[in-house]
Amino acid sequence: MRTTVSVPASGDADLPARFGAGDPDSVRAVYQTYGRLVYSVAYKVLGDAGLAEDATQQTFVQAWRAAGTYDPSRALGAWLAAIARRAAIDVYRRERRHRGVEDIASHENALVTAPPSAEQIYDVWEVRQALENLPGQDRELIRMQHFDELTHAEIAGQLAIPVGTVKSRSFRAHRRLAGLLGHLRSEPVGTTAAGTEEGRHHG
Amino acid sequence: MADDERIAYLSGDTSARLDPAERAELDELRGLLTDPAVWAEPHPGLAERVVGAVTQAASAEPVPTALPVDGDSNRRRRPRWIAIAVGGVAAAVLLAVALTFGLTSHPSQSVEYAASINGTTLAPDASGQVTLTKTPSGWKIHLHAKGLPRRDGGAYYEAWLKNSAGVLVPVGTFNQLDDVTLWAGVAPSSYPTLTVTRQLVDDGPTSSGKVVLIGVTHRTH
């Protein structure tokens, strides 16, 4: 899948430089913008929340150590995603080495299969980023439908709204998502929810 | 419009008219939307953990953008007795720390998961905490919540653990949520989502789908 979500502007051109200097406020700001995306990459590789948190922490420490090599013309998010994948694979190898494959429970699928490819990581990153840019109500509806695998009728029951309303909201939410991901032919790529009446929320 | 057909398919209308290539492309996106990695939420405390780790690294090492320092040659010029003295002091400190922890810490390292659980639209004022501790018998779940009334007379609450495929494992039923202990035979690493539903005896043992609390657990120890 090839997607085209634009990285949200941080509004702080000096952020990478201040991050490189280890300024706690800038580290916090970079985490606020990219922490969940980095965590998604780590979770994709490791499939375990605790290990993904370890890898996320390592990603930011390694990014800080490599800040001198960061090219400001490159998107900070893409740079962090590459570091996150490497950090997660390091954790993956450490777990396999220390615990041994035979000691890894069968349900920990991520540790008994090969780590995902860079392209798979990129896809997760882009979809996660697009979802983060949707209004909270849209994101929640898409989550209920796909991740929770609820039918429109079940969603209507949970939200106590008519099924028809669920269908129209679902259509609108998916249109916004597809617009963000470039899955529409006619809608301009990079359309965000910022200009919608609902604004941006995090649910 | 072709785009309307694509969006209809994406939003669940499988009768939408699409060619196989379009359908495959959208199926790929639909598959990604079921991926737990896309929806996984880090523990709220991770932000401070990350900030602490980076600032600690920054205080312990030269700023990475600075010119490299020839540390090796400095070390070579350092008198040997300083290294021995510093090493001795460090060893004494480590020994003291090790003894202190040996005397005061718990002998076992328990694996623990936790989550904040939030009320859904069915119970917007509800909230709580859950911890899951690994024991030889299974996972011991401790649930505290507020903002929900007691249910009796054929009505009750039921807690579930759910995996990324939506498979639900029941972990216990109860009447009120202020202090509940439950047990699970599945690991939260595979079944990370905890939900609480409103149930009625007359409706049978399957989930009613009326979720009042939900939270995604994360490993804390």
# chains A, B, ... in the order shown; residues from 1 in each chain; ligands from 1

call {"tool": "residues_around", "arguments": {"residues": "A:Tyr39", "least_positions_apart": "6", "cutoff": "12 Å", "atoms": "only C-alpha atoms", "output": "MDAnalysis selection string"}}
result
(chainID A and resid 31:33 45:60 80:81 83:85 87:88 121 124:125 128:129) or (chainID B and resid 36:44 46:47 50)

call {"tool": "interface_residues", "arguments": {"of": "chain A", "to": "chain B", "cutoff": "7 Å", "atoms": "only C-alpha atoms", "output": "JSON, numbers by chain"}}
result
{"A": [20, 21, 22, 24, 27, 28, 31, 36, 39, 40, 43, 44, 48, 49, 50, 53, 57, 60, 61, 64, 65, 66, 67, 68, 107, 108, 124, 127, 128, 146, 147, 148, 149, 158, 159, 170, 171, 174, 175, 184, 185]}

call {"tool": "atom_distance", "arguments": {"atom1": "atom CA of B:Val180", "atom2": "atom CA of B:Gly204"}}
result
22.1 Å

call {"tool": "residues_around", "arguments": {"residues": "stretch 133-144 of chain B", "least_positions_apart": "3", "cutoff": "8 Å", "atoms": "only C-alpha atoms", "output": "mmCIF file with all heavy atoms, in the first residue's frame"}}
result
data_model
loop_
_atom_site.group_PDB
_atom_site.id
_atom_site.type_symbol
_atom_site.label_atom_id
_atom_site.label_comp_id
_atom_site.auth_asym_id
_atom_site.auth_seq_id
_atom_site.Cartn_x
_atom_site.Cartn_y
_atom_site.Cartn_z
ATOM 1 N N SER B 110 7.273 -10.329 39.815
ATOM 2 C CA SER B 110 5.992 -10.652 39.215
ATOM 3 C C SER B 110 5.799 -9.866 37.930
ATOM 4 O O SER B 110 6.272 -8.744 37.811
ATOM 5 C CB SER B 110 4.868 -10.331 40.189
ATOM 6 O OG SER B 110 4.854 -8.955 40.469
ATOM 7 N N VAL B 111 5.114 -10.505 36.995
ATOM 8 C CA VAL B 111 4.755 -9.827 35.753
ATOM 9 C C VAL B 111 3.396 -9.188 35.972
ATOM 10 O O VAL B 111 2.466 -9.836 36.455
ATOM 11 C CB VAL B 111 4.693 -10.830 34.585
ATOM 12 C CG1 VAL B 111 4.271 -10.126 33.307
ATOM 13 C CG2 VAL B 111 6.035 -11.505 34.415
ATOM 14 N N GLU B 112 3.282 -7.924 35.633
ATOM 15 C CA GLU B 112 2.039 -7.220 35.915
ATOM 16 C C GLU B 112 1.636 -6.349 34.729
ATOM 17 O O GLU B 112 2.485 -5.732 34.087
ATOM 18 C CB GLU B 112 2.226 -6.355 37.168
ATOM 19 C CG GLU B 112 0.932 -5.793 37.713
ATOM 20 C CD GLU B 112 1.144 -5.122 39.065
ATOM 21 O OE1 GLU B 112 1.455 -5.837 40.044
ATOM 22 O OE2 GLU B 112 1.026 -3.893 39.132
ATOM 23 N N TYR B 113 0.370 -6.329 34.465
ATOM 24 C CA TYR B 113 -0.209 -5.440 33.460
ATOM 25 C C TYR B 113 -1.225 -4.539 34.172
ATOM 26 O O TYR B 113 -1.767 -4.910 35.214
ATOM 27 C CB TYR B 113 -0.930 -6.238 32.364
ATOM 28 C CG TYR B 113 -0.020 -6.848 31.332
ATOM 29 C CD1 TYR B 113 0.856 -7.879 31.673
ATOM 30 C CD2 TYR B 113 -0.030 -6.408 30.014
ATOM 31 C CE1 TYR B 113 1.687 -8.446 30.737
ATOM 32 C CE2 TYR B 113 0.812 -6.968 29.062
ATOM 33 C CZ TYR B 113 1.661 -7.993 29.422
ATOM 34 O OH TYR B 113 2.488 -8.545 28.483
ATOM 35 N N GLY B 128 -12.147 3.748 36.138
ATOM 36 C CA GLY B 128 -11.529 2.857 37.102
ATOM 37 C C GLY B 128 -10.134 2.440 36.703
ATOM 38 O O GLY B 128 -9.545 2.980 35.775
ATOM 39 N N GLN B 129 -9.633 1.479 37.443
ATOM 40 C CA GLN B 129 -8.289 0.945 37.229
ATOM 41 C C GLN B 129 -8.364 -0.569 37.265
ATOM 42 O O GLN B 129 -9.190 -1.125 37.997
ATOM 43 C CB GLN B 129 -7.336 1.403 38.343
ATOM 44 C CG GLN B 129 -7.088 2.892 38.391
ATOM 45 C CD GLN B 129 -6.159 3.357 37.301
ATOM 46 O OE1 GLN B 129 -5.285 2.601 36.866
ATOM 47 N NE2 GLN B 129 -6.337 4.586 36.833
ATOM 48 N N VAL B 130 -7.464 -1.191 36.516
ATOM 49 C CA VAL B 130 -7.375 -2.646 36.582
ATOM 50 C C VAL B 130 -5.905 -3.045 36.584
ATOM 51 O O VAL B 130 -5.089 -2.404 35.926
ATOM 52 C CB VAL B 130 -8.128 -3.304 35.399
ATOM 53 C CG1 VAL B 130 -7.529 -2.937 34.063
ATOM 54 C CG2 VAL B 130 -8.187 -4.822 35.557
ATOM 55 N N LEU B 177 -18.725 -2.766 41.290
ATOM 56 C CA LEU B 177 -17.376 -2.697 40.744
ATOM 57 C C LEU B 177 -16.365 -2.011 41.649
ATOM 58 O O LEU B 177 -15.265 -1.711 41.209
ATOM 59 C CB LEU B 177 -17.421 -1.922 39.417
ATOM 60 C CG LEU B 177 -18.052 -2.677 38.267
ATOM 61 C CD1 LEU B 177 -19.301 -1.995 37.812
ATOM 62 C CD2 LEU B 177 -17.076 -2.816 37.133
ATOM 63 N N ASP B 178 -16.706 -1.765 42.898
ATOM 64 C CA ASP B 178 -15.765 -0.982 43.702
ATOM 65 C C ASP B 178 -14.511 -1.766 44.083
ATOM 66 O O ASP B 178 -13.450 -1.188 44.257
ATOM 67 C CB ASP B 178 -16.445 -0.394 44.935
ATOM 68 C CG ASP B 178 -17.153 -1.461 45.748
ATOM 69 O OD1 ASP B 178 -17.313 -2.584 45.244
ATOM 70 O OD2 ASP B 178 -17.534 -1.165 46.887
ATOM 71 N N ASP B 179 -14.608 -3.089 44.182
ATOM 72 C CA ASP B 179 -13.427 -3.877 44.556
ATOM 73 C C ASP B 179 -13.662 -5.316 44.112
ATOM 74 O O ASP B 179 -14.243 -6.105 44.834
ATOM 75 C CB ASP B 179 -13.225 -3.788 46.078
ATOM 76 C CG ASP B 179 -11.943 -4.485 46.506
ATOM 77 O OD1 ASP B 179 -11.136 -4.844 45.634
ATOM 78 O OD2 ASP B 179 -11.761 -4.663 47.723
ATOM 79 N N VAL B 180 -13.181 -5.643 42.941
ATOM 80 C CA VAL B 180 -13.494 -6.942 42.341
ATOM 81 C C VAL B 180 -12.204 -7.701 42.059
ATOM 82 O O VAL B 180 -11.249 -7.125 41.521
ATOM 83 C CB VAL B 180 -14.260 -6.766 41.012
ATOM 84 C CG1 VAL B 180 -14.641 -8.122 40.429
ATOM 85 C CG2 VAL B 180 -15.486 -5.902 41.203
ATOM 86 N N THR B 181 -12.174 -8.971 42.420
ATOM 87 C CA THR B 181 -11.048 -9.833 42.059
ATOM 88 C C THR B 181 -11.548 -10.904 41.088
ATOM 89 O O THR B 181 -12.539 -11.584 41.364
ATOM 90 C CB THR B 181 -10.431 -10.500 43.305
ATOM 91 O OG1 THR B 181 -9.968 -9.470 44.188
ATOM 92 C CG2 THR B 181 -9.260 -11.384 42.923
ATOM 93 N N LEU B 182 -10.862 -11.009 39.968
ATOM 94 C CA LEU B 182 -11.251 -11.950 38.923
ATOM 95 C C LEU B 182 -10.020 -12.769 38.527
ATOM 96 O O LEU B 182 -8.895 -12.422 38.886
ATOM 97 C CB LEU B 182 -11.765 -11.188 37.694
ATOM 98 C CG LEU B 182 -12.875 -10.172 37.934
ATOM 99 C CD1 LEU B 182 -12.966 -9.199 36.766
ATOM 100 C CD2 LEU B 182 -14.200 -10.890 38.107
ATOM 101 N N TRP B 183 -10.247 -13.808 37.750
ATOM 102 C CA TRP B 183 -9.133 -14.644 37.289
ATOM 103 C C TRP B 183 -9.260 -14.899 35.791
ATOM 104 O O TRP B 183 -10.369 -15.044 35.289
ATOM 105 C CB TRP B 183 -9.130 -15.981 38.024
ATOM 106 C CG TRP B 183 -8.697 -15.857 39.440
ATOM 107 C CD1 TRP B 183 -9.490 -15.589 40.514
ATOM 108 C CD2 TRP B 183 -7.365 -15.945 39.941
ATOM 109 N NE1 TRP B 183 -8.745 -15.515 41.646
ATOM 110 C CE2 TRP B 183 -7.427 -15.734 41.340
ATOM 111 C CE3 TRP B 183 -6.119 -16.192 39.356
ATOM 112 C CZ2 TRP B 183 -6.305 -15.762 42.148
ATOM 113 C CZ3 TRP B 183 -4.997 -16.223 40.168
ATOM 114 C CH2 TRP B 183 -5.091 -16.010 41.551
ATOM 115 N N ALA B 184 -8.117 -14.950 35.123
ATOM 116 C CA ALA B 184 -8.115 -15.243 33.688
ATOM 117 C C ALA B 184 -7.095 -16.327 33.388
ATOM 118 O O ALA B 184 -6.024 -16.374 33.999
ATOM 119 C CB ALA B 184 -7.777 -13.988 32.905
ATOM 120 N N GLY B 185 -7.438 -17.166 32.451
ATOM 121 C CA GLY B 185 -6.511 -18.209 32.002
ATOM 122 C C GLY B 185 -5.817 -17.853 30.710
ATOM 123 O O GLY B 185 -5.135 -18.696 30.116
ATOM 124 N N VAL B 186 -6.009 -16.626 30.244
ATOM 125 C CA VAL B 186 -5.306 -16.174 29.035
ATOM 126 C C VAL B 186 -4.458 -14.957 29.399
ATOM 127 O O VAL B 186 -4.775 -14.222 30.348
ATOM 128 C CB VAL B 186 -6.281 -15.798 27.890
ATOM 129 C CG1 VAL B 186 -7.042 -17.030 27.433
ATOM 130 C CG2 VAL B 186 -7.241 -14.699 28.313
ATOM 131 N N ALA B 187 -3.386 -14.751 28.651
ATOM 132 C CA ALA B 187 -2.428 -13.690 28.986
ATOM 133 C C ALA B 187 -2.860 -12.352 28.384
ATOM 134 O O ALA B 187 -3.329 -12.307 27.243
ATOM 135 C CB ALA B 187 -1.057 -14.062 28.449
#

call {"tool": "closest_residue", "arguments": {"among": "A:Pro162, A:Gly179, A:Gly77, A:Pro115", "to": "A:Val38", "atoms": "only C-alpha atoms"}}
result
A:Gly77

call {"tool": "residues_around", "arguments": {"residues": "B:Glu158", "least_positions_apart": "2", "cutoff": "9 Å", "atoms": "only C-alpha atoms", "output": "PyMOL selection string"}}
result
chain B and resi 156+160+170-175+195-199+207

call {"tool": "write_last_selection", "arguments": {"atoms": "C-alpha atoms", "output": "PDB file, in the first residue's frame"}}
result
ATOM      1  CA  TYR B 156     -25.095  -8.300  36.625  1.00  0.00           C
ATOM      2  CA  TRP B 160     -13.976  -9.942  29.379  1.00  0.00           C
ATOM      3  CA  PRO B 170     -15.020 -14.231  30.025  1.00  0.00           C
ATOM      4  CA  VAL B 171     -13.139 -13.555  33.251  1.00  0.00           C
ATOM      5  CA  GLY B 172     -15.964 -13.265  35.774  1.00  0.00           C
ATOM      6  CA  THR B 173     -19.309 -11.856  36.790  1.00  0.00           C
ATOM      7  CA  PHE B 174     -20.115  -9.520  39.679  1.00  0.00           C
ATOM      8  CA  ASN B 175     -22.716  -7.120  41.049  1.00  0.00           C
ATOM      9  CA  THR B 195     -14.200  -4.717  28.838  1.00  0.00           C
ATOM     10  CA  VAL B 196     -17.084  -4.825  31.261  1.00  0.00           C
ATOM     11  CA  THR B 197     -20.590  -5.450  29.945  1.00  0.00           C
ATOM     12  CA  ARG B 198     -24.075  -5.206  31.417  1.00  0.00           C
ATOM     13  CA  GLN B 199     -25.666  -8.648  31.359  1.00  0.00           C
ATOM     14  CA  SER B 207     -21.741 -11.024  25.741  1.00  0.00           C
TER      15      SER B 207
END

call {"tool": "decode", "arguments": {"residues": "stretch 44-60 of chain B", "atoms": "all heavy atoms", "output": "JSON list (two decimals), in the first residue's frame"}}
result
[["chain", "number", "residue", "atom", "x", "y", "z"],
["B", 44, "PRO", "N", 0.20, 5.91, 29.64],
["B", 44, "PRO", "CA", 0.38, 7.36, 29.80],
["B", 44, "PRO", "C", 1.72, 7.73, 30.47],
["B", 44, "PRO", "O", 2.27, 8.80, 30.22],
["B", 44, "PRO", "CB", -0.80, 7.76, 30.69],
["B", 44, "PRO", "CG", -1.80, 6.69, 30.52],
["B", 44, "PRO", "CD", -1.05, 5.43, 30.22],
["B", 45, "GLY", "N", 2.24, 6.83, 31.29],
["B", 45, "GLY", "CA", 3.50, 7.13, 31.97],
["B", 45, "GLY", "C", 4.72, 7.01, 31.09],
["B", 45, "GLY", "O", 5.83, 7.37, 31.50],
["B", 46, "LEU", "N", 4.54, 6.50, 29.87],
["B", 46, "LEU", "CA", 5.71, 6.30, 29.00],
["B", 46, "LEU", "C", 6.35, 7.63, 28.61],
["B", 46, "LEU", "O", 7.57, 7.70, 28.44],
["B", 46, "LEU", "CB", 5.29, 5.51, 27.75],
["B", 46, "LEU", "CG", 6.42, 5.14, 26.79],
["B", 46, "LEU", "CD1", 7.49, 4.29, 27.48],
["B", 46, "LEU", "CD2", 5.87, 4.39, 25.57],
["B", 47, "ALA", "N", 5.57, 8.67, 28.51],
["B", 47, "ALA", "CA", 6.13, 9.98, 28.11],
["B", 47, "ALA", "C", 7.21, 10.41, 29.10],
["B", 47, "ALA", "O", 8.33, 10.76, 28.69],
["B", 47, "ALA", "CB", 5.01, 11.03, 28.05],
["B", 48, "GLU", "N", 6.89, 10.33, 30.38],
["B", 48, "GLU", "CA", 7.88, 10.76, 31.38],
["B", 48, "GLU", "C", 9.07, 9.80, 31.43],
["B", 48, "GLU", "O", 10.19, 10.21, 31.69],
["B", 48, "GLU", "CB", 7.22, 10.88, 32.76],
["B", 48, "GLU", "CG", 6.29, 12.08, 32.87],
["B", 48, "GLU", "CD", 6.92, 13.38, 32.36],
["B", 48, "GLU", "OE1", 8.04, 13.70, 32.78],
["B", 48, "GLU", "OE2", 6.30, 14.07, 31.53],
["B", 49, "ARG", "N", 8.79, 8.52, 31.17],
["B", 49, "ARG", "CA", 9.88, 7.54, 31.14],
["B", 49, "ARG", "C", 10.87, 7.87, 30.02],
["B", 49, "ARG", "O", 12.08, 7.82, 30.19],
["B", 49, "ARG", "CB", 9.26, 6.16, 30.94],
["B", 49, "ARG", "CG", 10.19, 5.02, 31.19],
["B", 49, "ARG", "CD", 9.41, 3.72, 31.09],
["B", 49, "ARG", "NE", 10.14, 2.72, 30.33],
["B", 49, "ARG", "CZ", 9.63, 1.57, 29.90],
["B", 49, "ARG", "NH1", 8.39, 1.28, 30.14],
["B", 49, "ARG", "NH2", 10.38, 0.73, 29.22],
["B", 50, "VAL", "N", 10.31, 8.23, 28.86],
["B", 50, "VAL", "CA", 11.15, 8.57, 27.70],
["B", 50, "VAL", "C", 11.93, 9.86, 27.98],
["B", 50, "VAL", "O", 13.15, 9.92, 27.74],
["B", 50, "VAL", "CB", 10.26, 8.73, 26.44],
["B", 50, "VAL", "CG1", 11.03, 9.44, 25.33],
["B", 50, "VAL", "CG2", 9.78, 7.37, 25.97],
["B", 51, "VAL", "N", 11.24, 10.86, 28.50],
["B", 51, "VAL", "CA", 11.92, 12.13, 28.80],
["B", 51, "VAL", "C", 13.04, 11.89, 29.81],
["B", 51, "VAL", "O", 14.16, 12.39, 29.65],
["B", 51, "VAL", "CB", 10.90, 13.17, 29.33],
["B", 51, "VAL", "CG1", 11.63, 14.42, 29.82],
["B", 51, "VAL", "CG2", 9.90, 13.55, 28.24],
["B", 52, "GLY", "N", 12.75, 11.09, 30.82],
["B", 52, "GLY", "CA", 13.76, 10.80, 31.83],
["B", 52, "GLY", "C", 14.96, 10.08, 31.24],
["B", 52, "GLY", "O", 16.11, 10.40, 31.55],
["B", 53, "ALA", "N", 14.71, 9.11, 30.35],
["B", 53, "ALA", "CA", 15.81, 8.34, 29.76],
["B", 53, "ALA", "C", 16.68, 9.22, 28.88],
["B", 53, "ALA", "O", 17.91, 9.12, 28.90],
["B", 53, "ALA", "CB", 15.24, 7.17, 28.95],
["B", 54, "VAL", "N", 16.06, 10.10, 28.11],
["B", 54, "VAL", "CA", 16.84, 10.96, 27.21],
["B", 54, "VAL", "C", 17.62, 12.01, 28.01],
["B", 54, "VAL", "O", 18.80, 12.24, 27.76],
["B", 54, "VAL", "CB", 15.94, 11.64, 26.16],
["B", 54, "VAL", "CG1", 16.74, 12.64, 25.32],
["B", 54, "VAL", "CG2", 15.30, 10.60, 25.26],
["B", 55, "THR", "N", 16.97, 12.62, 28.98],
["B", 55, "THR", "CA", 17.68, 13.64, 29.75],
["B", 55, "THR", "C", 18.80, 13.00, 30.58],
["B", 55, "THR", "O", 19.86, 13.59, 30.76],
["B", 55, "THR", "CB", 16.72, 14.43, 30.66],
["B", 55, "THR", "OG1", 15.94, 13.51, 31.41],
["B", 55, "THR", "CG2", 15.79, 15.30, 29.85],
["B", 56, "GLN", "N", 18.57, 11.76, 31.01],
["B", 56, "GLN", "CA", 19.63, 11.06, 31.75],
["B", 56, "GLN", "C", 20.82, 10.78, 30.81],
["B", 56, "GLN", "O", 21.97, 10.98, 31.19],
["B", 56, "GLN", "CB", 19.10, 9.75, 32.31],
["B", 56, "GLN", "CG", 20.06, 9.05, 33.25],
["B", 56, "GLN", "CD", 19.47, 7.77, 33.81],
["B", 56, "GLN", "OE1", 18.47, 7.25, 33.31],
["B", 56, "GLN", "NE2", 20.08, 7.25, 34.86],
["B", 57, "ALA", "N", 20.49, 10.34, 29.58],
["B", 57, "ALA", "CA", 21.56, 10.10, 28.61],
["B", 57, "ALA", "C", 22.28, 11.40, 28.28],
["B", 57, "ALA", "O", 23.51, 11.44, 28.14],
["B", 57, "ALA", "CB", 20.97, 9.47, 27.34],
["B", 58, "ALA", "N", 21.51, 12.48, 28.18],
["B", 58, "ALA", "CA", 22.11, 13.77, 27.83],
["B", 58, "ALA", "C", 23.03, 14.27, 28.94],
["B", 58, "ALA", "O", 24.05, 14.90, 28.67],
["B", 58, "ALA", "CB", 21.01, 14.80, 27.58],
["B", 59, "SER", "N", 22.69, 13.97, 30.20],
["B", 59, "SER", "CA", 23.53, 14.44, 31.29],
["B", 59, "SER", "C", 24.75, 13.55, 31.47],
["B", 59, "SER", "O", 25.76, 13.97, 32.04],
["B", 59, "SER", "CB", 22.73, 14.50, 32.59],
["B", 59, "SER", "OG", 22.29, 13.21, 32.93],
["B", 60, "ALA", "N", 24.67, 12.32, 30.97],
["B", 60, "ALA", "CA", 25.78, 11.39, 31.18],
["B", 60, "ALA", "C", 26.77, 11.38, 30.02],
["B", 60, "ALA", "O", 27.88, 10.91, 30.15],
["B", 60, "ALA", "CB", 25.23, 9.97, 31.36]]
